[in-house]
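**Q** You'll find query10.cif just under this line, and it carries mmCIF, C-alpha atoms.
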data_coords
#
loop_
_atom_site.group_PDB
_atom_site.id
_atom_site.type_symbol
_atom_site.label_atom_id
_atom_site.label_comp_id
_atom_site.auth_asym_id
_atom_site.auth_seq_id
_atom_site.Cartn_x
_atom_site.Cartn_y
_atom_site.Cartn_z
ATOM 1 C CA MET K 1 -77.077 2.475 93.312
ATOM 2 C CA PRO K 2 -75.162 -0.457 94.772
ATOM 3 C CA SER K 3 -71.628 0.072 95.994
ATOM 4 C CA ASP K 4 -68.758 -1.557 94.047
ATOM 5 C CA LYS K 5 -68.260 -4.099 96.842
ATOM 6 C CA ARG K 6 -71.927 -5.100 96.768
ATOM 7 C CA LEU K 7 -71.761 -5.398 92.987
ATOM 8 C CA VAL K 8 -68.784 -7.775 93.227
ATOM 9 C CA VAL K 9 -70.646 -9.936 95.749
ATOM 10 C CA ASP K 10 -73.702 -10.037 93.482
ATOM 11 C CA ILE K 11 -71.612 -11.020 90.463
ATOM 12 C CA GLY K 12 -69.852 -13.685 92.540
ATOM 13 C CA GLN K 13 -73.154 -15.098 93.793
ATOM 14 C CA ARG K 14 -74.577 -15.072 90.278
ATOM 15 C CA ALA K 15 -71.473 -16.881 89.033
ATOM 16 C CA GLN K 16 -71.831 -19.525 91.769
ATOM 17 C CA PHE K 17 -75.538 -19.924 91.001
ATOM 18 C CA LEU K 18 -74.829 -20.261 87.274
ATOM 19 C CA LYS K 19 -72.047 -22.752 87.976
ATOM 20 C CA GLY K 20 -74.446 -24.971 89.925
ATOM 21 C CA LEU K 21 -77.049 -24.775 87.165
ATOM 22 C CA ALA K 22 -74.399 -25.370 84.502
ATOM 23 C CA GLU K 23 -73.213 -28.499 86.305
ATOM 24 C CA LEU K 24 -76.742 -29.905 86.453
ATOM 25 C CA ALA K 25 -77.409 -29.024 82.802
ATOM 26 C CA MET K 26 -74.058 -30.471 81.752
ATOM 27 C CA LEU K 27 -74.685 -33.759 83.569
ATOM 28 C CA SER K 28 -78.083 -33.883 81.887
ATOM 29 C CA LEU K 29 -76.519 -33.335 78.425
ATOM 30 C CA LEU K 30 -73.861 -35.974 79.091
ATOM 31 C CA ASP K 31 -76.628 -38.395 80.038
ATOM 32 C CA GLU K 32 -77.506 -38.405 76.314
ATOM 33 C CA GLY K 33 -74.036 -39.708 75.415
ATOM 34 C CA PRO K 34 -70.352 -38.693 75.224
ATOM 35 C CA GLN K 35 -69.695 -35.122 74.072
ATOM 36 C CA TYR K 36 -66.730 -32.748 73.870
ATOM 37 C CA GLY K 37 -66.324 -29.404 75.631
ATOM 38 C CA LEU K 38 -67.109 -27.052 72.771
ATOM 39 C CA GLU K 39 -70.220 -29.009 71.859
ATOM 40 C CA LEU K 40 -71.400 -28.935 75.477
ATOM 41 C CA LEU K 41 -70.739 -25.194 75.745
ATOM 42 C CA ASP K 42 -72.717 -24.415 72.584
ATOM 43 C CA ARG K 43 -75.616 -26.645 73.643
ATOM 44 C CA LEU K 44 -75.701 -25.102 77.123
ATOM 45 C CA ARG K 45 -75.925 -21.659 75.534
ATOM 46 C CA ARG K 46 -78.372 -22.598 72.806
ATOM 47 C CA GLU K 47 -80.658 -25.101 74.524
ATOM 48 C CA ALA K 48 -80.443 -24.286 78.233
ATOM 49 C CA GLY K 49 -79.939 -20.515 77.913
ATOM 50 C CA ILE K 50 -76.908 -20.700 80.220
ATOM 51 C CA ASP K 51 -74.491 -18.179 78.779
ATOM 52 C CA LEU K 52 -71.221 -19.474 80.183
ATOM 53 C CA ALA K 53 -67.963 -17.722 79.304
ATOM 54 C CA GLU K 54 -65.804 -19.597 76.807
ATOM 55 C CA GLY K 55 -63.241 -20.672 79.384
ATOM 56 C CA THR K 56 -65.713 -21.792 82.053
ATOM 57 C CA ILE K 57 -66.586 -25.150 80.595
ATOM 58 C CA TYR K 58 -63.273 -26.997 81.020
ATOM 59 C CA PRO K 59 -62.686 -26.262 84.714
ATOM 60 C CA LEU K 60 -66.206 -27.617 85.328
ATOM 61 C CA LEU K 61 -65.572 -30.681 83.199
ATOM 62 C CA HIS K 62 -62.237 -31.341 84.923
ATOM 63 C CA ARG K 63 -63.865 -31.049 88.340
ATOM 64 C CA LEU K 64 -66.476 -33.615 87.331
ATOM 65 C CA GLU K 65 -63.724 -35.897 86.023
ATOM 66 C CA LYS K 66 -61.677 -35.522 89.205
ATOM 67 C CA GLY K 67 -64.793 -36.438 91.149
ATOM 68 C CA GLU K 68 -65.081 -39.546 88.949
ATOM 69 C CA MET K 69 -68.485 -38.422 87.694
ATOM 70 C CA THR K 70 -67.194 -38.429 84.120
ATOM 71 C CA ARG K 71 -64.423 -40.160 82.218
ATOM 72 C CA SER K 72 -62.819 -38.907 79.051
ATOM 73 C CA GLU K 73 -61.148 -40.173 75.918
ATOM 74 C CA TRP K 74 -59.574 -38.562 72.871
ATOM 75 C CA ARG K 75 -61.196 -39.102 69.490
ATOM 76 C CA LEU K 76 -60.810 -37.417 66.120
ATOM 77 C CA ASP K 77 -63.729 -35.274 64.919
ATOM 78 C CA GLN K 78 -65.932 -36.273 61.987
ATOM 79 C CA ASP K 79 -63.436 -34.874 59.448
ATOM 80 C CA GLY K 80 -60.686 -36.845 61.135
ATOM 81 C CA THR K 81 -58.556 -33.720 61.434
ATOM 82 C CA ARG K 82 -59.034 -32.334 64.923
ATOM 83 C CA PRO K 83 -58.620 -34.217 68.198
ATOM 84 C CA ARG K 84 -61.561 -33.861 70.573
ATOM 85 C CA LYS K 85 -61.707 -34.911 74.179
ATOM 86 C CA TYR K 86 -65.032 -36.643 74.721
ATOM 87 C CA TYR K 87 -66.541 -36.800 78.178
ATOM 88 C CA ALA K 88 -68.966 -39.529 79.234
ATOM 89 C CA LEU K 89 -70.981 -40.012 82.415
ATOM 90 C CA THR K 90 -69.911 -42.695 84.847
ATOM 91 C CA ASP K 91 -72.267 -44.534 87.198
ATOM 92 C CA ARG K 92 -71.308 -42.079 89.910
ATOM 93 C CA GLY K 93 -72.163 -39.214 87.536
ATOM 94 C CA ARG K 94 -75.585 -40.724 86.826
ATOM 95 C CA LYS K 95 -76.264 -41.015 90.557
ATOM 96 C CA GLU K 96 -75.159 -37.396 91.033
ATOM 97 C CA LEU K 97 -77.460 -36.290 88.208
ATOM 98 C CA ALA K 98 -80.409 -38.132 89.765
ATOM 99 C CA SER K 99 -79.656 -36.600 93.161
ATOM 100 C CA GLN K 100 -79.268 -33.064 91.733
ATOM 101 C CA LEU K 101 -82.513 -33.438 89.762
ATOM 102 C CA ILE K 102 -84.421 -34.399 92.903
ATOM 103 C CA GLU K 103 -82.928 -31.426 94.743
ATOM 104 C CA TRP K 104 -83.636 -29.073 91.826
ATOM 105 C CA ARG K 105 -87.290 -30.188 91.573
ATOM 106 C CA ARG K 106 -87.780 -29.838 95.328
ATOM 107 C CA LEU K 107 -86.257 -26.363 95.342
ATOM 108 C CA SER K 108 -88.059 -25.304 92.187
ATOM 109 C CA THR K 109 -91.469 -26.399 93.531
ATOM 110 C CA ALA K 110 -90.882 -24.739 96.893
ATOM 111 C CA LEU K 111 -89.677 -21.505 95.305
ATOM 112 C CA SER K 112 -92.508 -21.495 92.782
ATOM 113 C CA SER K 113 -95.106 -21.848 95.580
ATOM 114 C CA PHE K 114 -93.395 -19.117 97.556
ATOM 115 C CA LEU K 115 -93.395 -16.709 94.600
ATOM 116 C CA LYS K 116 -97.064 -17.451 93.806
ATOM 117 C CA ARG K 117 -97.943 -16.582 97.415
ATOM 118 C CA GLY K 118 -96.178 -13.234 96.991
ATOM 119 C CA LYS K 119 -97.949 -12.577 93.694
ATOM 120 C CA SER K 120 -101.449 -13.155 95.122
ATOM 121 C CA LYS K 121 -100.643 -10.672 97.901
ATOM 122 C CA TRP K 122 -99.539 -8.066 95.322
ATOM 123 C CA VAL K 123 -102.718 -8.610 93.332
ATOM 124 C CA LYS K 124 -104.797 -8.045 96.500
ATOM 125 C CA THR K 125 -102.863 -4.856 97.278
ATOM 126 C CA ALA K 126 -103.235 -3.550 93.727
ATOM 127 C CA ASN K 127 -107.007 -4.313 93.649
ATOM 128 C CA PRO K 128 -108.289 -3.722 97.187
ATOM 129 C CA ASN K 129 -111.917 -4.273 96.083
ATOM 130 C CA MET N 1 -56.649 -14.147 58.833
ATOM 131 C CA GLY N 2 -53.500 -16.136 58.082
ATOM 132 C CA LYS N 3 -52.504 -19.183 60.081
ATOM 133 C CA ASP N 4 -49.198 -17.501 61.010
ATOM 134 C CA ARG N 5 -50.911 -14.520 62.552
ATOM 135 C CA GLU N 6 -53.318 -16.836 64.440
ATOM 136 C CA SER N 7 -50.371 -18.782 65.807
ATOM 137 C CA LYS N 8 -48.589 -15.577 66.795
ATOM 138 C CA LEU N 9 -51.578 -14.587 68.895
ATOM 139 C CA ILE N 10 -52.501 -17.985 70.312
ATOM 140 C CA ASP N 11 -49.121 -19.589 70.914
ATOM 141 C CA PRO N 12 -47.842 -17.008 73.442
ATOM 142 C CA TRP N 13 -51.140 -17.343 75.369
ATOM 143 C CA LEU N 14 -50.809 -21.145 75.388
ATOM 144 C CA GLU N 15 -47.166 -20.844 76.487
ATOM 145 C CA ARG N 16 -48.229 -18.676 79.431
ATOM 146 C CA LEU N 17 -50.946 -21.206 80.243
ATOM 147 C CA GLU N 18 -48.393 -24.034 80.160
ATOM 148 C CA ALA N 19 -46.088 -22.118 82.506
ATOM 149 C CA ALA N 20 -48.942 -21.353 84.900
ATOM 150 C CA LEU N 21 -49.906 -25.044 85.002
ATOM 151 C CA ALA N 22 -46.344 -26.121 85.847
ATOM 152 C CA THR N 23 -47.475 -27.706 89.134
ATOM 153 C CA LEU N 24 -49.662 -30.243 87.319
ATOM 154 C CA PRO N 25 -48.286 -33.623 86.195
ATOM 155 C CA ALA N 26 -46.971 -33.401 82.607
ATOM 156 C CA GLY N 27 -49.647 -35.720 81.185
ATOM 157 C CA GLU N 28 -52.504 -33.742 82.707
ATOM 158 C CA ARG N 29 -50.963 -30.431 81.618
ATOM 159 C CA ASP N 30 -50.457 -31.620 78.014
ATOM 160 C CA ASP N 31 -54.056 -32.838 77.960
ATOM 161 C CA ILE N 32 -55.353 -29.398 78.974
ATOM 162 C CA LEU N 33 -53.164 -27.650 76.406
ATOM 163 C CA LYS N 34 -54.246 -30.027 73.641
ATOM 164 C CA GLU N 35 -57.917 -29.562 74.550
ATOM 165 C CA THR N 36 -57.611 -25.756 74.743
ATOM 166 C CA ARG N 37 -55.727 -25.575 71.447
ATOM 167 C CA SER N 38 -58.393 -27.727 69.771
ATOM 168 C CA HIS N 39 -61.138 -25.455 71.173
ATOM 169 C CA LEU N 40 -59.391 -22.246 70.058
ATOM 170 C CA ALA N 41 -58.709 -23.634 66.568
ATOM 171 C CA ALA N 42 -62.334 -24.737 66.133
ATOM 172 C CA ARG N 43 -63.638 -21.296 67.129
ATOM 173 C CA ILE N 44 -61.215 -19.551 64.760
ATOM 174 C CA ASP N 45 -62.196 -21.904 61.940
ATOM 175 C CA SER N 46 -65.821 -20.949 62.547
ATOM 176 C CA GLY N 47 -64.979 -17.306 61.821
ATOM 177 C CA ARG N 48 -64.113 -15.819 65.223
ATOM 178 C CA THR N 49 -60.910 -13.813 65.617
ATOM 179 C CA PRO N 50 -58.203 -15.099 68.014
ATOM 180 C CA ASP N 51 -58.660 -11.945 70.124
ATOM 181 C CA GLU N 52 -62.381 -12.648 70.545
ATOM 182 C CA VAL N 53 -61.812 -16.286 71.429
ATOM 183 C CA LEU N 54 -58.996 -15.564 73.883
ATOM 184 C CA ALA N 55 -61.098 -12.865 75.521
ATOM 185 C CA GLY N 56 -63.589 -15.605 76.455
ATOM 186 C CA PHE N 57 -60.856 -17.419 78.379
ATOM 187 C CA GLY N 58 -59.369 -14.296 79.979
ATOM 188 C CA PRO N 59 -55.694 -14.028 80.968
ATOM 189 C CA ALA N 60 -53.851 -17.361 80.765
ATOM 190 C CA GLU N 61 -52.761 -17.140 84.419
ATOM 191 C CA GLY N 62 -56.325 -16.556 85.639
ATOM 192 C CA TYR N 63 -57.648 -19.420 83.537
ATOM 193 C CA ALA N 64 -54.887 -21.684 84.873
ATOM 194 C CA ARG N 65 -55.793 -20.742 88.445
ATOM 195 C CA THR N 66 -59.444 -21.649 87.843
ATOM 196 C CA LEU N 67 -58.385 -24.993 86.386
ATOM 197 C CA LEU N 68 -56.099 -25.685 89.355
ATOM 198 C CA LEU N 69 -58.814 -24.692 91.835
ATOM 199 C CA GLU N 70 -61.427 -26.894 90.186
ATOM 200 C CA SER N 71 -59.063 -29.842 89.931
ATOM 201 C CA GLY N 72 -58.244 -29.489 93.644
ATOM 202 C CA THR N 73 -54.542 -28.793 93.033
ATOM 203 C CA VAL N 74 -54.586 -25.484 94.924
ATOM 204 C CA GLU N 75 -56.728 -24.417 97.852
ATOM 205 C CA PRO N 76 -59.396 -21.801 97.192
ATOM 206 C CA ALA N 77 -58.769 -18.485 98.931
ATOM 207 C CA ARG N 78 -61.755 -18.801 101.242
ATOM 208 C CA SER N 79 -61.823 -19.181 104.953
ATOM 209 C CA ARG N 80 -62.678 -22.468 106.589
ATOM 210 C CA SER N 81 -63.550 -23.161 110.163
ATOM 211 C CA LEU N 82 -60.526 -24.082 112.246
ATOM 212 C CA SER N 83 -61.962 -27.464 113.244
ATOM 213 C CA SER N 84 -62.853 -28.559 109.698
ATOM 214 C CA SER N 85 -59.443 -27.413 108.437
ATOM 215 C CA LEU N 86 -57.788 -29.331 111.261
ATOM 216 C CA VAL N 87 -59.776 -32.502 110.527
ATOM 217 C CA ARG N 88 -58.882 -32.253 106.829
ATOM 218 C CA LEU N 89 -55.219 -31.586 107.566
ATOM 219 C CA THR N 90 -55.038 -34.463 110.056
ATOM 220 C CA PHE N 91 -56.702 -36.851 107.632
ATOM 221 C CA ARG N 92 -54.388 -35.763 104.833
ATOM 222 C CA SER N 93 -51.378 -36.026 107.139
ATOM 223 C CA ILE N 94 -52.329 -39.572 108.177
ATOM 224 C CA VAL N 95 -52.780 -40.641 104.558
ATOM 225 C CA ALA N 96 -49.529 -38.926 103.521
ATOM 226 C CA ALA N 97 -47.607 -40.391 106.481
ATOM 227 C CA GLY N 98 -49.028 -43.867 105.804
ATOM 228 C CA ALA N 99 -48.062 -43.663 102.133
ATOM 229 C CA PHE N 100 -44.597 -42.389 103.023
ATOM 230 C CA PHE N 101 -44.105 -45.258 105.512
ATOM 231 C CA ILE N 102 -45.149 -47.910 102.965
ATOM 232 C CA VAL N 103 -42.956 -46.409 100.222
ATOM 233 C CA ALA N 104 -39.984 -46.118 102.597
ATOM 234 C CA LEU N 105 -40.460 -49.745 103.688
ATOM 235 C CA LEU N 106 -40.651 -50.967 100.087
ATOM 236 C CA ALA N 107 -37.609 -48.911 99.079
ATOM 237 C CA ALA N 108 -35.572 -50.126 102.056
ATOM 238 C CA SER N 109 -36.443 -53.785 101.355
ATOM 239 C CA ALA N 110 -35.629 -53.511 97.653
ATOM 240 C CA LEU N 111 -32.436 -51.612 98.397
ATOM 241 C CA SER N 112 -31.333 -54.216 100.921
ATOM 242 C CA VAL N 113 -31.843 -57.104 98.453
ATOM 243 C CA ALA N 114 -30.165 -55.158 95.617
ATOM 244 C CA GLN N 115 -27.213 -54.200 97.818
ATOM 245 C CA THR N 116 -26.762 -57.816 98.929
ATOM 246 C CA ALA N 117 -26.857 -58.972 95.289
ATOM 247 C CA LEU N 118 -24.205 -56.402 94.358
ATOM 248 C CA TYR N 119 -22.026 -57.475 97.277
ATOM 249 C CA LYS N 120 -22.425 -61.098 96.217
ATOM 250 C CA LEU N 121 -20.730 -60.280 92.885
ATOM 251 C CA GLY N 122 -17.478 -59.583 94.771
ATOM 252 C CA ASN N 123 -17.927 -61.916 97.763
ATOM 253 C CA PRO N 124 -20.158 -64.836 96.715
ATOM 254 C CA ALA N 125 -19.549 -66.805 99.941
ATOM 255 C CA GLN N 126 -20.646 -64.090 102.385
ATOM 256 C CA ALA N 127 -23.791 -62.547 100.829
ATOM 257 C CA GLY N 128 -27.281 -64.005 100.367
ATOM 258 C CA LEU N 129 -30.388 -65.148 102.191
ATOM 259 C CA TRP N 130 -29.246 -66.873 105.353
ATOM 260 C CA ARG N 131 -30.849 -69.336 107.754
ATOM 261 C CA GLY N 132 -29.101 -69.472 111.083
ATOM 262 C CA HIS N 133 -29.789 -69.778 114.791
ATOM 263 C CA GLY N 134 -31.515 -66.381 114.863
ATOM 264 C CA GLY N 135 -33.874 -67.201 111.950
ATOM 265 C CA PHE N 136 -33.744 -65.835 108.417
ATOM 266 C CA PHE N 137 -32.022 -62.688 107.209
ATOM 267 C CA ILE N 138 -30.867 -61.246 103.919
ATOM 268 C CA GLY N 139 -27.480 -59.554 103.787
ATOM 269 C CA VAL N 140 -23.805 -60.168 104.482
ATOM 270 C CA ILE N 141 -22.503 -62.605 107.088
ATOM 271 C CA ASP N 142 -19.002 -62.483 108.634
ATOM 272 C CA ASP N 143 -18.583 -66.209 108.978
ATOM 273 C CA PRO N 144 -20.496 -68.307 106.407
ATOM 274 C CA HIS N 145 -20.180 -71.374 108.692
ATOM 275 C CA HIS N 146 -22.684 -69.789 111.118
ATOM 276 C CA GLY N 147 -25.527 -70.012 108.631
ATOM 277 C CA HIS N 148 -26.863 -71.802 105.592
ATOM 278 C CA GLU N 149 -27.257 -69.767 102.394
ATOM 279 C CA LEU N 150 -30.546 -70.518 100.603
ATOM 280 C CA LEU N 151 -30.693 -68.512 97.386
ATOM 281 C CA GLY N 152 -27.363 -68.869 95.613
ATOM 282 C CA LYS N 153 -27.456 -67.132 92.234
ATOM 283 C CA TRP N 154 -31.231 -66.712 92.483
ATOM 284 C CA ILE N 155 -30.553 -63.579 94.495
ATOM 285 C CA PHE N 156 -29.842 -61.673 91.248
ATOM 286 C CA PRO N 157 -33.289 -62.147 89.632
ATOM 287 C CA LEU N 158 -34.817 -61.672 93.091
ATOM 288 C CA ALA N 159 -33.034 -58.314 93.403
ATOM 289 C CA VAL N 160 -34.346 -57.168 90.017
ATOM 290 C CA LEU N 161 -37.841 -58.389 90.900
ATOM 291 C CA SER N 162 -37.710 -56.603 94.275
ATOM 292 C CA VAL N 163 -36.731 -53.293 92.693
ATOM 293 C CA VAL N 164 -39.400 -53.559 89.976
ATOM 294 C CA LEU N 165 -42.097 -54.593 92.469
ATOM 295 C CA ALA N 166 -41.114 -51.841 94.921
ATOM 296 C CA TRP N 167 -41.286 -49.283 92.095
ATOM 297 C CA LEU N 168 -44.701 -50.458 90.846
ATOM 298 C CA VAL N 169 -46.311 -50.885 94.265
ATOM 299 C CA GLY N 170 -44.737 -47.653 95.558
ATOM 300 C CA ARG N 171 -46.062 -45.712 92.568
ATOM 301 C CA TRP N 172 -49.545 -47.176 93.053
ATOM 302 C CA VAL N 173 -49.488 -46.291 96.770
ATOM 303 C CA VAL N 174 -48.421 -42.680 96.054
ATOM 304 C CA ARG N 175 -51.068 -42.235 93.355
ATOM 305 C CA ARG N 176 -53.759 -43.727 95.564
ATOM 306 C CA ALA N 177 -52.743 -41.495 98.483
ATOM 307 C CA LEU N 178 -52.761 -38.368 96.279
ATOM 308 C CA LYS N 179 -56.214 -39.271 95.035
ATOM 309 C CA ILE N 180 -57.549 -39.733 98.566
ATOM 310 C CA ILE N 181 -55.930 -36.457 99.657
ATOM 311 C CA ALA N 182 -57.385 -34.617 96.645
ATOM 312 C CA ARG N 183 -60.859 -35.955 97.458
ATOM 313 C CA ALA N 184 -60.513 -34.798 101.069
ATOM 314 C CA ARG N 185 -59.900 -31.174 99.978
#
Go through the file and emit its structure as structure tokens.

**A**
Amino acid sequence: MPSDKRLVVDIGQRAQFLKGLAELAMLSLLDEGPQYGLELLDRLRREAGIDLAEGTIYPLLHRLEKGEMTRSEWRLDQDGTRPRKYYALTDRGRKELASQLIEWRRLSTALSSFLKRGKSKWVKTANPN
Amino acid sequence: MGKDRESKLIDPWLERLEAALATLPAGERDDILKETRSHLAARIDSGRTPDEVLAGFGPAEGYARTLLLESGTVEPARSRSLSSSLVRLTFRSIVAAGAFFIVALLAASALSVAQTALYKLGNPAQAGLWRGHGGFFIGVIDDPHHGHELLGKWIFPLAVLSVVLAWLVGRWVVRRALKIIARAR
């Protein structure tokens, strides 16, 4: 049973890990075209399986905007009743996406190979003959 | 659920958020509030209760802190190495000092021209842009025979132009410096 302190560290690390993944997924969604926060949040949950808390999306979006990876503009929704802040990728954002994709693929391949190595060892141990 | 009850639940939360974001520039703060209100309203329209939606954001103060941290307005509560902190602080200090120097210089120049123009209203013969033995200077001269005044009444539009230019350039310099400092965080 982990101690409370250990549990907090694990939750914090998981949150950081999710935040990194969410940023990559969000940049990838924005690469399709301008979208607003709620739309991005729902698509991240539905399509990428990243279950971000409701209030997590805007701090991430604002950080990307501060870093000049996105720019935003207000538009009315399809009904013309509700204002929506649409975020779009900038050139810097596209470069960041490309760089994060390369890093993700490198890490994913390396980790996948590492885990396969572990699995073959377990199989050997389970079936010594 | 009635709109009044929704407002009663959401408005106090948004007011607390607004108060917690007081350190942000008004435009940026209003933008966040407008965006959050739009998000909350859309969720409630889709059938969620205000309590459920607000629970996803957590306490207004905590949400504000996350926004401020991500936007680089406040420092995260994590330790940094002394050397990297020092380098960052020095860089930020140089940028801030440089910006302050430029703004002070612009303000002093504009003020000097404006003050001379004001003085010229009462003493037209002694104030202006002078050419004398020591070169050019703008201001008030004791004896007008020691120099030749070059601007005449043109000092008034020049004073207005100086103040406007100093304001615009000064504002640009401050914004640019804040941006550079924010990036260095």

**Q** Give me, as a ChimeraX atom specification, the residues of chain N touching chain K, with the criterion being at most 12 Å (counting all atoms listed in the file).

**A** /N:28-29,31-43,45-46,52-60,62-73,178-185

**Q** When you look at Ala48 in chain K with a cut-off of 10 Å (counting only C-alpha atoms), what residues show up, excluding the ones that are within fewer than 4 positions of it in the same chain? I need them as a PyMOL selection string.

**A** chain K and resi 21-22+25-26+29+42-44

**Q** So the first atom is CA of Ala97 in chain N and the second is CA of Val174 in chain N; what is the distance between them in Å, to one decimal place?

**A**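 Value for the CA of Ala97 in chain N-CA of Val174 in chain N distance: 10.7 Å.
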
**Q** For this structure, which residues satisfy the selection - the PyMOL selection byres ((chain K and resi 91-104) around 9) - when it is evaluated on the file as given? I want them as a PyMOL selection string.

**A** chain K and resi 24+27-28+31+64+67-70+88-90+105-109

**Q** Dump C-alpha atoms for the selected residues as a short mmCIF file (atom, residue, chain, number, x, y, z; two decimals), keeping the file's coordinate frame?

**A**
data_model
loop_
_atom_site.label_atom_id
_atom_site.label_comp_id
_atom_site.auth_asym_id
_atom_site.auth_seq_id
_atom_site.Cartn_x
_atom_site.Cartn_y
_atom_site.Cartn_z
CA LEU K 24 -76.74 -29.90 86.45
CA LEU K 27 -74.68 -33.76 83.57
CA SER K 28 -78.08 -33.88 81.89
CA ASP K 31 -76.63 -38.40 80.04
CA LEU K 64 -66.48 -33.62 87.33
CA GLY K 67 -64.79 -36.44 91.15
CA GLU K 68 -65.08 -39.55 88.95
CA MET K 69 -68.48 -38.42 87.69
CA THR K 70 -67.19 -38.43 84.12
CA ALA K 88 -68.97 -39.53 79.23
CA LEU K 89 -70.98 -40.01 82.42
CA THR K 90 -69.91 -42.70 84.85
CA ARG K 105 -87.29 -30.19 91.57
CA ARG K 106 -87.78 -29.84 95.33
CA LEU K 107 -86.26 -26.36 95.34
CA SER K 108 -88.06 -25.30 92.19
CA THR K 109 -91.47 -26.40 93.53
#

**Q** Grab the CA of Gly128 in chain N to CA of Leu150 in chain N distance for me, in Å with one decimal place.

**A**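 About the pair CA of Gly128 in chain N and CA of Leu150 in chain N: they are 7.3 Å apart.
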
**Q** How far is it from CA of Ile155 in chain N to CA of Gly98 in chain N, in Å with one decimal?

**A**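 Distance reported for this atom pair: 29.3 Å.
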
**Q** Excluding range 106-117 of chain N and its own-chain neighbours fewer than 4 positions away, which residues fall within 8 Å of it when counting only C-alpha atoms? Please give them as a list in words.

**A**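 Contacts, in chain order: Ile102, Leu121, Ala127, Gly128, Ile138, Gly139, Val140, Ile155, Phe156, Leu158, Ala159, Val160, Ser162, Val163, Ala166, Trp167 and Gly170 of chain N.
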
**Q** Point out the residue among N:Glu149, N:Leu24, N:Val95, N:Ala19 with the least atom-to-atom distance to Val173 in chain N, counting only C-alpha atoms.

**A**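 Residue with the minimum atom-to-atom distance to Val173 in chain N: N:Val95.
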
**Q** Expand the PyMOL selection byres ((chain K and resi 73) around 8) into the explicit residue set it covers here, and present it as JSON, numbers by chain.

**A** {"K": [71, 72, 74, 75, 85, 86, 87]}

**Q** Write out as a list in words the residues lying within 7 Å of Gln126 in chain N, counting all atoms listed in the file and excluding same-chain residues fewer than 3 positions away.

**A** Asn123, Val140, Ile141, Asp142 and Pro144 of chain N

**Q** Name the residues in contact with Leu17 in chain N at a cut-off of 7 Å, using all atoms listed in the file, excluding same-chain residues fewer than 3 positions from it; report them as a PyMOL selection string.

**A** chain N and resi 13-14+20-21+60-61+64
